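Engineer: Before I ask anything, here is the structure I am working with.
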Amino acid sequence: MKREVFLGAATVILCAVLYYQTTLIADYGFAQVGADVWPKIILGAIAALALIQMALGIYRSGLSPDSRPATRQANWRKSAVVPFTVFGATIGFALLVPYAGFTASGLLMVFVLLSAIGPKSPRAIVMHAAIAAISVLTVAFFFSCVMGVLLPGWAL
């Protein structure tokens, strides 16, 4: 079995455990939507994506070696750059939020991640900035204006 199948299965199991935990959240009846609704929706989406990951892993493992795309075996240091970059950017985001706010920290984190991991051409950098602006501002708008959540720092 491929690594994707095992990681997908572990993710589905973790989502199931966390989903069960959301059923234990007390409902005090003072909100229009219970505190368990959004975590259940998010866990359902993550579980669905993990099932797709597992299906693709099973499908790809069934391909004959001649029909698989040629992949180059990178050394372990190059393959470890991405997880450490994501981990570092997430820690940096968490440390920067109290000082710069959610929106500015999110813009910086998404832009840095895309620029560090993705292509580095001038056109790609412009695309990274556009993707960061659209995604983070959409999330900030959704949380602050639609859901009424007070975000740290500057708000829309």
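Numbering starts fresh at 1 for the residues of each chain in the structure tokens, the chains themselves are lettered A, B, ... in the order given, and ligands are numbered from 1 as they appear.
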Can you list, as a PyMOL selection string, every protein, DNA or RNA residue that comes within 8 Å of segment 142-156 of chain A when you count only C-alpha atoms, leaving out same-chain residues fewer than 4 positions away?
Structural biologist: chain A and resi 97-104+138
Engineer: As a VMD selection string, please: the residues near Phe93 of chain A (cut-off 9 Å, only C-alpha atoms, same-chain neighbours under 2 positions excluded).
Structural biologist: chain A and resid 88 to 91 95 to 97 102 105 to 106 108 to 109
Engineer: Write out as a list in words the residues lying within 8 Å of Cys15 of chain A, counting only C-alpha atoms and excluding same-chain residues fewer than 2 positions away.
Structural biologist: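 That gives Thr11, Val12, Ile13, Val17, Leu18, Tyr19, Leu43, Gly44, Ile46 and Ala47 of chain A.
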Engineer: Would you mind exporting N, CA and C atoms of the selected residues as a short mmCIF file (atom, residue, chain, number, x, y, z; two decimals), in the first residue's frame?
Structural biologist:
data_model
loop_
_atom_site.label_atom_id
_atom_site.label_comp_id
_atom_site.auth_asym_id
_atom_site.auth_seq_id
_atom_site.Cartn_x
_atom_site.Cartn_y
_atom_site.Cartn_z
N THR A 11 -6.11 9.86 9.06
CA THR A 11 -6.88 11.11 9.12
C THR A 11 -8.36 10.83 9.32
N VAL A 12 -8.90 9.84 8.64
CA VAL A 12 -10.32 9.49 8.81
C VAL A 12 -10.58 9.02 10.23
N ILE A 13 -9.69 8.21 10.78
CA ILE A 13 -9.86 7.73 12.16
C ILE A 13 -9.80 8.90 13.14
N VAL A 17 -12.80 10.23 15.71
CA VAL A 17 -12.63 10.43 17.15
C VAL A 17 -13.01 11.86 17.53
N LEU A 18 -12.53 12.83 16.74
CA LEU A 18 -12.85 14.22 17.03
C LEU A 18 -14.34 14.52 16.81
N TYR A 19 -14.95 13.87 15.84
CA TYR A 19 -16.39 14.04 15.62
C TYR A 19 -17.16 13.54 16.84
N LEU A 43 -14.74 18.82 10.17
CA LEU A 43 -14.28 17.42 10.25
C LEU A 43 -14.85 16.57 9.14
N GLY A 44 -16.10 16.84 8.76
CA GLY A 44 -16.69 16.11 7.63
C GLY A 44 -15.96 16.40 6.33
N ILE A 46 -12.81 17.42 6.02
CA ILE A 46 -11.47 16.82 6.10
C ILE A 46 -11.55 15.31 5.87
N ALA A 47 -12.55 14.65 6.45
CA ALA A 47 -12.71 13.22 6.26
C ALA A 47 -13.01 12.89 4.80
#
Engineer: Between atom CA of Arg3 of chain A and atom CA of Val81 of chain A, measure the distance and give it in Å to one decimal.
Structural biologist: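 Pair atom CA of Arg3 of chain A / atom CA of Val81 of chain A returns 18.4 Å.
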Engineer: If you run DSSP on the backbone, which residues of chain A are alpha helix (DSSP H), as a PyMOL selection string?
Structural biologist: chain A and resi 3-22+37-61+76-100+102-117+122-141
